[in-house]
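As stored in my_file28.cif (mmCIF, C-alpha atoms):
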data_structure
#
loop_
_atom_site.group_PDB
_atom_site.id
_atom_site.type_symbol
_atom_site.label_atom_id
_atom_site.label_comp_id
_atom_site.auth_asym_id
_atom_site.auth_seq_id
_atom_site.Cartn_x
_atom_site.Cartn_y
_atom_site.Cartn_z
ATOM 1 C CA MET A 294 15.877 -10.459 -2.598
ATOM 2 C CA GLU A 295 15.782 -10.191 1.193
ATOM 3 C CA ASN A 296 19.554 -9.736 1.232
ATOM 4 C CA ASN A 297 19.191 -6.722 -1.070
ATOM 5 C CA ILE A 298 16.523 -5.251 1.197
ATOM 6 C CA PHE A 299 18.578 -5.635 4.366
ATOM 7 C CA LYS A 300 21.651 -4.250 2.574
ATOM 8 C CA ALA A 301 19.660 -1.237 1.384
ATOM 9 C CA LEU A 302 18.270 -0.588 4.860
ATOM 10 C CA ALA A 303 21.704 -0.852 6.502
ATOM 11 C CA ASP A 304 22.814 2.591 5.301
ATOM 12 C CA PRO A 305 21.556 5.568 7.364
ATOM 13 C CA SER A 306 21.375 7.835 4.301
ATOM 14 C CA ARG A 307 19.090 5.373 2.539
ATOM 15 C CA ARG A 308 16.916 5.079 5.638
ATOM 16 C CA LYS A 309 16.751 8.874 5.643
ATOM 17 C CA LEU A 310 15.549 8.840 2.031
ATOM 18 C CA LEU A 311 12.820 6.352 2.933
ATOM 19 C CA ASP A 312 11.812 8.569 5.864
ATOM 20 C CA LEU A 313 11.599 11.559 3.531
ATOM 21 C CA LEU A 314 9.376 9.645 1.094
ATOM 22 C CA HIS A 315 7.222 8.351 3.925
ATOM 23 C CA ALA A 316 6.673 11.919 5.092
ATOM 24 C CA SER A 317 6.026 13.251 1.579
ATOM 25 C CA ASP A 318 5.681 10.785 -1.269
ATOM 26 C CA GLY A 319 6.250 11.538 -4.953
ATOM 27 C CA GLN A 320 9.414 13.666 -4.655
ATOM 28 C CA THR A 321 11.929 14.520 -7.370
ATOM 29 C CA LEU A 322 15.683 14.024 -7.119
ATOM 30 C CA ASN A 323 16.099 17.753 -6.456
ATOM 31 C CA ASP A 324 13.557 17.568 -3.616
ATOM 32 C CA LEU A 325 15.443 14.695 -1.990
ATOM 33 C CA CYS A 326 18.863 16.347 -2.338
ATOM 34 C CA ILE A 327 17.901 19.349 -0.217
ATOM 35 C CA PRO A 328 17.808 17.640 3.245
ATOM 36 C CA LEU A 329 20.888 15.474 2.608
ATOM 37 C CA ASP A 330 24.473 16.666 2.940
ATOM 38 C CA MET A 331 25.795 14.911 -0.163
ATOM 39 C CA SER A 332 26.200 15.395 -3.885
ATOM 40 C CA ARG A 333 23.414 14.894 -6.406
ATOM 41 C CA PHE A 334 25.319 11.864 -7.742
ATOM 42 C CA GLY A 335 25.505 10.365 -4.249
ATOM 43 C CA VAL A 336 21.764 10.706 -3.746
ATOM 44 C CA MET A 337 21.143 9.135 -7.165
ATOM 45 C CA LYS A 338 23.354 6.187 -6.220
ATOM 46 C CA HIS A 339 21.421 5.597 -2.994
ATOM 47 C CA LEU A 340 18.079 5.874 -4.825
ATOM 48 C CA ASN A 341 19.212 3.296 -7.389
ATOM 49 C CA ILE A 342 20.062 0.826 -4.606
ATOM 50 C CA LEU A 343 16.666 1.398 -2.989
ATOM 51 C CA GLU A 344 14.900 0.907 -6.313
ATOM 52 C CA GLU A 345 16.835 -2.297 -7.062
ATOM 53 C CA ALA A 346 15.760 -3.618 -3.658
ATOM 54 C CA GLY A 347 12.146 -2.770 -4.470
ATOM 55 C CA LEU A 348 11.848 -0.319 -1.573
ATOM 56 C CA ILE A 349 10.956 2.587 -3.848
ATOM 57 C CA THR A 350 9.231 2.909 -7.197
ATOM 58 C CA THR A 351 9.487 5.686 -9.784
ATOM 59 C CA ARG A 352 7.098 7.234 -12.292
ATOM 60 C CA LYS A 353 7.605 9.888 -14.961
ATOM 61 C CA ALA A 354 5.551 13.079 -14.755
ATOM 62 C CA GLY A 355 6.455 15.207 -17.764
ATOM 63 C CA ARG A 356 10.205 15.798 -17.568
ATOM 64 C CA GLU A 357 10.378 14.901 -13.898
ATOM 65 C CA LYS A 358 11.009 11.510 -12.327
ATOM 66 C CA LEU A 359 9.017 11.064 -9.133
ATOM 67 C CA HIS A 360 10.032 8.688 -6.344
ATOM 68 C CA TYR A 361 7.597 6.770 -4.124
ATOM 69 C CA LEU A 362 7.993 4.596 -1.069
ATOM 70 C CA ASN A 363 7.014 0.967 -1.770
ATOM 71 C CA ALA A 364 5.949 -0.561 1.550
ATOM 72 C CA VAL A 365 5.328 -4.073 0.233
ATOM 73 C CA PRO A 366 8.870 -5.530 0.796
ATOM 74 C CA ILE A 367 8.949 -4.076 4.313
ATOM 75 C CA ARG A 368 5.566 -5.640 4.986
ATOM 76 C CA GLN A 369 6.848 -9.028 3.808
ATOM 77 C CA ILE A 370 9.843 -8.804 6.140
ATOM 78 C CA TYR A 371 7.482 -7.875 8.955
ATOM 79 C CA GLU A 372 5.313 -10.917 8.249
ATOM 80 C CA ARG A 373 8.311 -13.265 8.218
ATOM 81 C CA TRP A 374 10.434 -11.897 11.040
ATOM 82 C CA VAL A 375 8.227 -9.805 13.318
ATOM 83 C CA THR A 376 4.650 -11.043 13.552
ATOM 84 C CA LYS A 377 5.456 -14.469 14.968
ATOM 85 C CA PHE A 378 7.479 -12.952 17.810
ATOM 86 C CA THR A 379 6.016 -9.551 18.654
ATOM 87 C CA GLU A 380 2.596 -9.431 17.033
ATOM 88 C CA PRO A 381 0.630 -7.914 19.979
ATOM 89 C CA TRP A 382 3.206 -5.155 20.435
ATOM 90 C CA ALA A 383 3.554 -4.511 16.701
ATOM 91 C CA ILE A 384 -0.209 -4.140 16.275
ATOM 92 C CA GLY A 385 -0.333 -1.572 19.041
ATOM 93 C CA LEU A 386 2.567 0.397 17.592
ATOM 94 C CA SER A 387 1.012 0.245 14.128
ATOM 95 C CA SER A 388 -2.240 1.707 15.477
ATOM 96 C CA LEU A 389 -0.316 4.485 17.200
ATOM 97 C CA GLN A 390 1.582 5.210 13.987
ATOM 98 C CA ASN A 391 -1.682 5.497 12.045
ATOM 99 C CA GLU A 392 -2.908 8.155 14.437
ATOM 100 C CA LEU A 393 0.278 10.188 14.129
ATOM 101 C CA GLU A 394 0.765 9.998 10.359
ATOM 102 C CA ARG A 395 0.654 13.066 8.145
ATOM 103 C CA GLU A 396 -2.645 14.340 6.787
ATOM 104 C CA LEU A 397 -1.811 14.998 3.177
ATOM 105 C CA ILE A 398 1.193 15.151 0.883
ATOM 106 C CA LEU A 399 2.023 16.648 -2.495
ATOM 107 C CA GLU A 400 -1.014 17.787 -4.450
ATOM 108 C CA ASN A 401 -1.989 16.646 -7.955
ATOM 109 C CA LYS A 402 0.435 13.691 -7.984
ATOM 110 C CA PRO A 403 -0.146 9.952 -7.478
ATOM 111 C CA GLN A 404 0.081 9.656 -3.717
ATOM 112 C CA HIS A 405 0.645 6.022 -2.768
ATOM 113 C CA ILE A 406 2.252 3.460 -5.063
ATOM 114 C CA HIS A 407 2.850 -0.179 -4.154
ATOM 115 C CA ARG A 408 4.539 -2.787 -6.347
ATOM 116 C CA ILE A 409 5.236 -6.488 -6.062
ATOM 117 C CA ALA A 410 6.644 -9.248 -8.290
ATOM 118 C CA ILE A 411 4.600 -12.453 -8.419
ATOM 119 C CA LYS A 412 5.627 -15.742 -9.979
ATOM 120 C CA ALA A 413 2.426 -16.137 -12.010
ATOM 121 C CA LYS A 414 0.967 -15.151 -15.366
ATOM 122 C CA PRO A 415 -0.900 -11.835 -15.745
ATOM 123 C CA GLU A 416 -4.058 -13.838 -16.457
ATOM 124 C CA GLN A 417 -3.722 -15.629 -13.118
ATOM 125 C CA VAL A 418 -3.295 -12.328 -11.299
ATOM 126 C CA TRP A 419 -6.351 -10.917 -13.062
ATOM 127 C CA GLN A 420 -8.464 -13.919 -12.128
ATOM 128 C CA ALA A 421 -7.427 -13.611 -8.497
ATOM 129 C CA LEU A 422 -8.421 -9.921 -8.480
ATOM 130 C CA THR A 423 -11.843 -10.476 -10.024
ATOM 131 C CA ASP A 424 -12.960 -13.870 -8.651
ATOM 132 C CA PRO A 425 -14.813 -13.428 -5.306
ATOM 133 C CA VAL A 426 -13.664 -16.856 -4.146
ATOM 134 C CA LYS A 427 -10.042 -15.812 -4.697
ATOM 135 C CA THR A 428 -10.290 -12.294 -3.273
ATOM 136 C CA SER A 429 -11.772 -13.604 -0.048
ATOM 137 C CA LYS A 430 -8.499 -15.445 0.540
ATOM 138 C CA PHE A 431 -6.205 -12.407 0.462
ATOM 139 C CA TRP A 432 -8.324 -9.228 0.782
ATOM 140 C CA PHE A 433 -9.002 -9.293 4.528
ATOM 141 C CA ASN A 434 -11.638 -12.009 4.065
ATOM 142 C CA CYS A 435 -13.586 -9.796 1.647
ATOM 143 C CA ALA A 436 -15.061 -10.769 -1.714
ATOM 144 C CA ILE A 437 -15.322 -8.315 -4.614
ATOM 145 C CA ARG A 438 -18.594 -8.352 -6.545
ATOM 146 C CA SER A 439 -18.979 -6.742 -9.975
ATOM 147 C CA THR A 440 -19.961 -7.471 -13.566
ATOM 148 C CA TRP A 441 -16.530 -6.060 -14.561
ATOM 149 C CA GLU A 442 -17.732 -3.643 -17.227
ATOM 150 C CA VAL A 443 -16.939 0.060 -17.591
ATOM 151 C CA GLU A 444 -19.310 2.176 -15.460
ATOM 152 C CA SER A 445 -20.573 -0.894 -13.625
ATOM 153 C CA SER A 446 -20.522 -0.859 -9.842
ATOM 154 C CA PHE A 447 -18.387 -3.026 -7.596
ATOM 155 C CA GLU A 448 -18.747 -3.856 -3.924
ATOM 156 C CA LEU A 449 -16.403 -5.327 -1.331
ATOM 157 C CA TRP A 450 -18.215 -7.625 1.116
ATOM 158 C CA ASN A 451 -17.082 -9.295 4.324
ATOM 159 C CA GLY A 452 -19.799 -11.852 4.900
ATOM 160 C CA GLU A 453 -23.028 -9.873 5.192
ATOM 161 C CA GLU A 454 -21.289 -6.515 5.694
ATOM 162 C CA LYS A 455 -20.443 -4.230 2.785
ATOM 163 C CA LYS A 456 -17.043 -2.664 3.413
ATOM 164 C CA ALA A 457 -16.473 -0.562 0.276
ATOM 165 C CA GLU A 458 -18.045 0.365 -3.035
ATOM 166 C CA GLY A 459 -17.195 2.164 -6.248
ATOM 167 C CA VAL A 460 -17.442 2.239 -10.023
ATOM 168 C CA ILE A 461 -15.285 0.571 -12.678
ATOM 169 C CA LEU A 462 -13.735 3.496 -14.587
ATOM 170 C CA GLU A 463 -11.429 1.591 -16.961
ATOM 171 C CA ILE A 464 -10.884 -2.096 -17.599
ATOM 172 C CA ASP A 465 -8.383 -3.826 -19.897
ATOM 173 C CA PRO A 466 -8.039 -7.510 -18.925
ATOM 174 C CA PRO A 467 -5.536 -8.688 -17.844
ATOM 175 C CA HIS A 468 -3.452 -5.512 -17.830
ATOM 176 C CA LYS A 469 -5.275 -2.629 -16.171
ATOM 177 C CA LEU A 470 -8.174 -1.957 -13.821
ATOM 178 C CA VAL A 471 -9.195 1.509 -12.619
ATOM 179 C CA MET A 472 -11.927 1.949 -10.027
ATOM 180 C CA SER A 473 -13.298 4.651 -7.786
ATOM 181 C CA TRP A 474 -13.230 3.691 -4.117
ATOM 182 C CA ARG A 475 -15.258 4.653 -1.059
ATOM 183 C CA PHE A 476 -15.355 2.923 2.319
ATOM 184 C CA ILE A 477 -18.798 2.243 3.776
ATOM 185 C CA SER A 478 -18.282 0.904 7.282
ATOM 186 C CA PHE A 479 -14.879 2.113 8.517
ATOM 187 C CA PRO A 480 -15.080 4.705 11.338
ATOM 188 C CA GLY A 481 -13.745 8.104 10.300
ATOM 189 C CA THR A 482 -14.431 7.671 6.580
ATOM 190 C CA GLU A 483 -18.051 8.831 6.642
ATOM 191 C CA ASN A 484 -17.272 12.239 5.159
ATOM 192 C CA ASP A 485 -14.605 11.056 2.709
ATOM 193 C CA SER A 486 -15.222 11.521 -1.007
ATOM 194 C CA ALA A 487 -14.451 8.719 -3.452
ATOM 195 C CA SER A 488 -10.773 8.215 -4.289
ATOM 196 C CA GLN A 489 -9.265 6.133 -7.094
ATOM 197 C CA ILE A 490 -7.330 2.861 -7.249
ATOM 198 C CA THR A 491 -5.451 1.748 -10.375
ATOM 199 C CA TRP A 492 -4.129 -1.788 -10.862
ATOM 200 C CA GLU A 493 -1.374 -2.178 -13.464
ATOM 201 C CA ILE A 494 -0.422 -5.760 -14.374
ATOM 202 C CA GLY A 495 2.366 -6.698 -16.776
ATOM 203 C CA ALA A 496 5.002 -9.328 -17.470
ATOM 204 C CA HIS A 497 8.365 -8.647 -15.836
ATOM 205 C CA ALA A 498 10.836 -7.318 -18.397
ATOM 206 C CA GLU A 499 13.705 -9.532 -17.233
ATOM 207 C CA LEU A 500 12.244 -12.496 -15.324
ATOM 208 C CA GLN A 501 10.334 -15.081 -17.307
ATOM 209 C CA GLY A 502 7.099 -16.252 -15.719
ATOM 210 C CA VAL A 503 7.011 -13.297 -13.302
ATOM 211 C CA THR A 504 4.352 -10.578 -13.295
ATOM 212 C CA LEU A 505 4.777 -7.080 -11.882
ATOM 213 C CA VAL A 506 1.695 -5.735 -10.112
ATOM 214 C CA THR A 507 1.556 -2.010 -9.354
ATOM 215 C CA VAL A 508 -1.243 -0.381 -7.358
ATOM 216 C CA VAL A 509 -1.690 3.405 -7.403
ATOM 217 C CA HIS A 510 -4.044 5.103 -4.940
ATOM 218 C CA ASP A 511 -4.696 8.769 -5.711
ATOM 219 C CA GLN A 512 -7.316 11.526 -5.923
ATOM 220 C CA PHE A 513 -7.876 11.388 -2.176
ATOM 221 C CA GLU A 514 -7.515 15.067 -1.322
ATOM 222 C CA GLN A 515 -10.970 14.837 0.270
ATOM 223 C CA ALA A 516 -10.479 11.294 1.572
ATOM 224 C CA VAL A 517 -7.604 11.497 4.067
ATOM 225 C CA SER A 518 -8.914 8.767 6.397
ATOM 226 C CA THR A 519 -9.399 6.441 3.442
ATOM 227 C CA ALA A 520 -5.830 7.142 2.313
ATOM 228 C CA LYS A 521 -4.430 6.178 5.716
ATOM 229 C CA ILE A 522 -6.348 2.885 5.752
ATOM 230 C CA LEU A 523 -5.300 1.925 2.235
ATOM 231 C CA GLU A 524 -1.692 3.001 2.714
ATOM 232 C CA ASN A 525 -1.378 0.313 5.377
ATOM 233 C CA GLY A 526 -3.858 -2.169 3.935
ATOM 234 C CA LEU A 527 -2.780 -2.447 0.300
ATOM 235 C CA PRO A 528 0.710 -3.860 1.093
ATOM 236 C CA VAL A 529 -1.029 -6.609 3.079
ATOM 237 C CA VAL A 530 -3.384 -7.300 0.162
ATOM 238 C CA LEU A 531 -0.474 -7.531 -2.289
ATOM 239 C CA SER A 532 1.512 -9.794 0.019
ATOM 240 C CA GLY A 533 -1.518 -12.020 0.403
ATOM 241 C CA LEU A 534 -2.054 -12.100 -3.363
ATOM 242 C CA LYS A 535 1.571 -13.157 -3.911
ATOM 243 C CA THR A 536 1.395 -15.858 -1.244
ATOM 244 C CA LEU A 537 -1.867 -17.249 -2.608
ATOM 245 C CA LEU A 538 -0.703 -17.435 -6.229
ATOM 246 C CA GLU A 539 2.764 -18.783 -5.464
ATOM 247 C CA THR A 540 1.953 -21.250 -2.664
ATOM 248 C CA GLY A 541 -1.825 -21.689 -2.611
ATOM 249 C CA GLU A 542 -1.793 -20.672 1.049
ATOM 250 C CA MET A 543 -3.222 -17.685 2.919
ATOM 251 C CA LEU A 544 -1.402 -15.225 5.141
ATOM 252 C CA VAL A 545 -2.123 -14.957 8.842
ATOM 253 C CA GLN A 546 -3.452 -11.405 9.067
ATOM 254 C CA GLU A 547 -4.709 -9.205 11.858
ATOM 255 C CA ASN A 548 -8.411 -8.616 12.103
ATOM 256 C CA HIS A 549 -9.785 -5.259 13.182
ATOM 257 C CA SER A 550 -9.964 -6.205 16.859
ATOM 258 C CA GLY A 551 -6.197 -6.692 16.937
ATOM 259 C CA SER A 552 -6.077 -10.498 17.058
ATOM 260 C CA ALA A 553 -4.756 -12.772 14.356
ATOM 261 C CA GLU A 554 -6.722 -15.124 12.212
ATOM 262 C CA ASP A 555 -6.241 -17.144 9.055
ATOM 263 C CA ARG A 556 -7.782 -15.462 6.054
#
Structure re-expressed in structure tokens:
Amino acid sequence: MENNIFKALADPSRRKLLDLLHASDGQTLNDLCIPLDMSRFGVMKHLNILEEAGLITTRKAGREKLHYLNAVPIRQIYERWVTKFTEPWAIGLSSLQNELERELILENKPQHIHRIAIKAKPEQVWQALTDPVKTSKFWFNCAIRSTWEVESSFELWNGEEKKAEGVILEIDPPHKLVMSWRFISFPGTENDSASQITWEIGAHAELQGVTLVTVVHDQFEQAVSTAKILENGLPVVLSGLKTLLETGEMLVQENHSGSAEDR
């Protein structure tokens, strides 16, 4: 899989497409053709390679097919090849990037979509998402607390500090979980309204014993700071979930002070 990712990233036109989706997620083929000096067929070919490598995901919206940047594979490469060598510098650059990122992208469309393949059953993924003992091992040391019923509340706790809260909007174990989301203790999120996170869990269509996990974060028109935090944080959560279920180990992740610690 890594070979496919590096091959996809080697072409400047494909890197340009990823840049375009990073700047404005959820674009159609026609949208992406405009900045590129190539045929519609050529753009389609590049998009197919990116999708096969897992670097983008697609969703249908009526008659349109929307394309989204999937940051999870890039995050996994970063964890394997970058953190062990340049972690202090990378953390600083990541913080600078967060400050410079765009404020908002296309309206009334799912904004951030992340997807990962995990060698585990959907039931195992579901248990990891809903068991506080499990979540504390991959969700930045935080445990999720809820009764897991529609309209029940949930809370995300790091020790004695509540980090986020929301309401369970839809639940269909082990396939789908929809929750509202609001940060409690992150600076800059005080005035943000609640946004929405959707977890979609299903068996891979082609690989036996593999589950596809898709996370959609949307409805954050009034929660821009929250969107920035989750855009960077959810790929780490998904990578940690994959590592935990496949190896039983935890990722080494950065804490909020910029140092590294085992979660």
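The shortest atom-to-atom distance to A:Leu313, with only C-alpha atoms taken into account, belongs to A:Ile349 out of A:Met331, A:Ala457, A:Ile349, A:Ala301.
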- Query: Could you state the separation of atom CA of A:Pro528 and atom CA of A:Asp324 in Å, given to one decimal place?
  - Reply: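 Straight-line distance from atom CA of A:Pro528 to atom CA of A:Asp324 works out to 25.4 Å.
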- Which residue of A:Ala421, A:Leu343, A:Ile406, A:Ile411 approaches A:Val509 most closely, using all atoms listed in the file: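 Comparing A:Ala421, A:Leu343, A:Ile406, A:Ile411 against A:Val509, the winner is A:Ile406.
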Box centre and edge lengths (Å, one decimal), axis-aligned, stretch 303-307 of chain A plus 6 Å each side, as JSON:
{"center_x": 21.0, "center_y": 3.5, "center_z": 5.0, "size_x": 15.7, "size_y": 20.7, "size_z": 16.8}
- Query: So how far away is atom CA of A:Ser532 from atom CA of A:Leu544, in Å?
  - Reply: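 Separating atom CA of A:Leu544 from atom CA of A:Ser532 is a distance of 8.0 Å.
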- Tell me, as JSON, numbers by chain, which residues lie within 12 Å of A:Leu359, counting only C-alpha atoms; anything in the same chain fewer than 2 positions away does not count. {"A": [314, 317, 318, 319, 320, 321, 322, 323, 324, 325, 340, 349, 350, 351, 352, 353, 354, 355, 356, 357, 361, 362, 399, 402, 403, 404, 405, 406]}
- Query: Interatomic distance between atom CA of A:Ile342 and atom CA of A:Asp312?
  - Reply: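 Result for atom CA of A:Ile342 versus atom CA of A:Asp312: 15.4 Å, one decimal.
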Selection under test: the PyMOL selection byres ((chain A and resi 516-518) around 12); residues as an mmCIF file with C-alpha atoms, keeping the file's coordinate frame:
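To be explicit, this is the file written out as out.cif:
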data_model
loop_
_atom_site.group_PDB
_atom_site.id
_atom_site.type_symbol
_atom_site.label_atom_id
_atom_site.label_comp_id
_atom_site.auth_asym_id
_atom_site.auth_seq_id
_atom_site.Cartn_x
_atom_site.Cartn_y
_atom_site.Cartn_z
ATOM 1 C CA ASN A 391 -1.682 5.497 12.045
ATOM 2 C CA GLU A 392 -2.908 8.155 14.437
ATOM 3 C CA GLU A 394 0.765 9.998 10.359
ATOM 4 C CA ARG A 395 0.654 13.066 8.145
ATOM 5 C CA GLU A 396 -2.645 14.340 6.787
ATOM 6 C CA LEU A 397 -1.811 14.998 3.177
ATOM 7 C CA ILE A 398 1.193 15.151 0.883
ATOM 8 C CA GLN A 404 0.081 9.656 -3.717
ATOM 9 C CA SER A 473 -13.298 4.651 -7.786
ATOM 10 C CA TRP A 474 -13.230 3.691 -4.117
ATOM 11 C CA ARG A 475 -15.258 4.653 -1.059
ATOM 12 C CA PHE A 476 -15.355 2.923 2.319
ATOM 13 C CA PHE A 479 -14.879 2.113 8.517
ATOM 14 C CA PRO A 480 -15.080 4.705 11.338
ATOM 15 C CA GLY A 481 -13.745 8.104 10.300
ATOM 16 C CA THR A 482 -14.431 7.671 6.580
ATOM 17 C CA GLU A 483 -18.051 8.831 6.642
ATOM 18 C CA ASN A 484 -17.272 12.239 5.159
ATOM 19 C CA ASP A 485 -14.605 11.056 2.709
ATOM 20 C CA SER A 486 -15.222 11.521 -1.007
ATOM 21 C CA ALA A 487 -14.451 8.719 -3.452
ATOM 22 C CA SER A 488 -10.773 8.215 -4.289
ATOM 23 C CA GLN A 489 -9.265 6.133 -7.094
ATOM 24 C CA HIS A 510 -4.044 5.103 -4.940
ATOM 25 C CA ASP A 511 -4.696 8.769 -5.711
ATOM 26 C CA GLN A 512 -7.316 11.526 -5.923
ATOM 27 C CA PHE A 513 -7.876 11.388 -2.176
ATOM 28 C CA GLU A 514 -7.515 15.067 -1.322
ATOM 29 C CA GLN A 515 -10.970 14.837 0.270
ATOM 30 C CA THR A 519 -9.399 6.441 3.442
ATOM 31 C CA ALA A 520 -5.830 7.142 2.313
ATOM 32 C CA LYS A 521 -4.430 6.178 5.716
ATOM 33 C CA ILE A 522 -6.348 2.885 5.752
ATOM 34 C CA LEU A 523 -5.300 1.925 2.235
ATOM 35 C CA GLU A 524 -1.692 3.001 2.714
ATOM 36 C CA ASN A 525 -1.378 0.313 5.377
#
- Using the chain letters and numbering of this document, enumerate as number ranges by chain the residues selected by the PyMOL selection byres ((chain A and resi 493) around 12). A: 406-410, 415, 418-419, 422, 463-472, 490-492, 494-497, 504-510
- Exactly which residues make up the result of the PyMOL selection byres ((chain A and resi 542) around 12) on this file, given as a ChimeraX atom specification? /A:427,430-431,532-541,543-545,555-556
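Considering the residues A:Thr423, A:Leu348, A:Val460, A:Glu295 and counting all atoms listed in the file, A:Arg308 has its shortest atom-to-atom contact with A:Leu348.
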- Query: Which protein, DNA or RNA residues have an atom at most 9 Å from (-14.3, -8.8, 0.2), counting only C-alpha atoms? List them as a list in words.
  - Reply: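 Residues satisfying the cut-off, written out: Pro425, Thr428, Ser429, Lys430, Phe431, Trp432, Phe433, Asn434, Cys435, Ala436, Ile437, Arg438, Glu448, Leu449, Trp450, Asn451, Gly452, Lys455, Lys456 and Ala457 of chain A.
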- Message: So, with only C-alpha atoms as the atoms that count, which of A:Ser332, A:Lys414, A:Asp424, A:His315 lies closest to A:Leu500?
- Response: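 Among the listed residues, A:Lys414 lies closest to A:Leu500.
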- Closest of A:Ile298, A:Ile370, A:Cys326, A:Leu310 to A:Glu345 - atom-to-atom distances counting all atoms listed in the file: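 The answer is A:Ile298, which sits nearest to A:Glu345.
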N, CA and C atoms are what I want for stretch 427-440 of chain A; can you complete it accordingly and write them as a PDB file, in the coordinates of the input?
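Output file rebuild22.pdb follows:
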ATOM      1  N   LYS A 427     -11.472 -16.086  -4.858  1.00  0.00           N
ATOM      2  CA  LYS A 427     -10.042 -15.812  -4.697  1.00  0.00           C
ATOM      3  C   LYS A 427      -9.808 -14.599  -3.798  1.00  0.00           C
ATOM      4  N   THR A 428     -10.543 -13.519  -4.048  1.00  0.00           N
ATOM      5  CA  THR A 428     -10.290 -12.294  -3.273  1.00  0.00           C
ATOM      6  C   THR A 428     -10.537 -12.507  -1.787  1.00  0.00           C
ATOM      7  N   SER A 429     -11.478 -13.368  -1.458  1.00  0.00           N
ATOM      8  CA  SER A 429     -11.772 -13.604  -0.048  1.00  0.00           C
ATOM      9  C   SER A 429     -10.611 -14.262   0.683  1.00  0.00           C
ATOM     10  N   LYS A 430      -9.639 -14.766  -0.069  1.00  0.00           N
ATOM     11  CA  LYS A 430      -8.499 -15.445   0.540  1.00  0.00           C
ATOM     12  C   LYS A 430      -7.306 -14.525   0.780  1.00  0.00           C
ATOM     13  N   PHE A 431      -7.345 -13.300   0.233  1.00  0.00           N
ATOM     14  CA  PHE A 431      -6.205 -12.407   0.462  1.00  0.00           C
ATOM     15  C   PHE A 431      -6.610 -10.969   0.754  1.00  0.00           C
ATOM     16  N   TRP A 432      -7.890 -10.612   0.578  1.00  0.00           N
ATOM     17  CA  TRP A 432      -8.324  -9.228   0.782  1.00  0.00           C
ATOM     18  C   TRP A 432      -9.094  -9.115   2.097  1.00  0.00           C
ATOM     19  N   PHE A 433      -8.410  -9.401   3.198  1.00  0.00           N
ATOM     20  CA  PHE A 433      -9.002  -9.293   4.528  1.00  0.00           C
ATOM     21  C   PHE A 433     -10.357  -9.996   4.613  1.00  0.00           C
ATOM     22  N   ASN A 434     -10.430 -11.176   4.016  1.00  0.00           N
ATOM     23  CA  ASN A 434     -11.638 -12.009   4.065  1.00  0.00           C
ATOM     24  C   ASN A 434     -12.801 -11.403   3.306  1.00  0.00           C
ATOM     25  N   CYS A 435     -12.529 -10.477   2.399  1.00  0.00           N
ATOM     26  CA  CYS A 435     -13.586  -9.796   1.647  1.00  0.00           C
ATOM     27  C   CYS A 435     -13.650 -10.292   0.206  1.00  0.00           C
ATOM     28  N   ALA A 436     -14.851 -10.363  -0.329  1.00  0.00           N
ATOM     29  CA  ALA A 436     -15.061 -10.769  -1.714  1.00  0.00           C
ATOM     30  C   ALA A 436     -15.531  -9.574  -2.533  1.00  0.00           C
ATOM     31  N   ILE A 437     -14.930  -9.397  -3.715  1.00  0.00           N
ATOM     32  CA  ILE A 437     -15.322  -8.315  -4.614  1.00  0.00           C
ATOM     33  C   ILE A 437     -16.425  -8.798  -5.546  1.00  0.00           C
ATOM     34  N   ARG A 438     -17.480  -8.004  -5.671  1.00  0.00           N
ATOM     35  CA  ARG A 438     -18.594  -8.352  -6.545  1.00  0.00           C
ATOM     36  C   ARG A 438     -18.759  -7.269  -7.611  1.00  0.00           C
ATOM     37  N   SER A 439     -18.784  -7.675  -8.873  1.00  0.00           N
ATOM     38  CA  SER A 439     -18.979  -6.742  -9.975  1.00  0.00           C
ATOM     39  C   SER A 439     -19.235  -7.531 -11.246  1.00  0.00           C
ATOM     40  N   THR A 440     -19.827  -6.864 -12.239  1.00  0.00           N
ATOM     41  CA  THR A 440     -19.961  -7.471 -13.566  1.00  0.00           C
ATOM     42  C   THR A 440     -18.734  -7.186 -14.425  1.00  0.00           C
TER      43      THR A 440
END
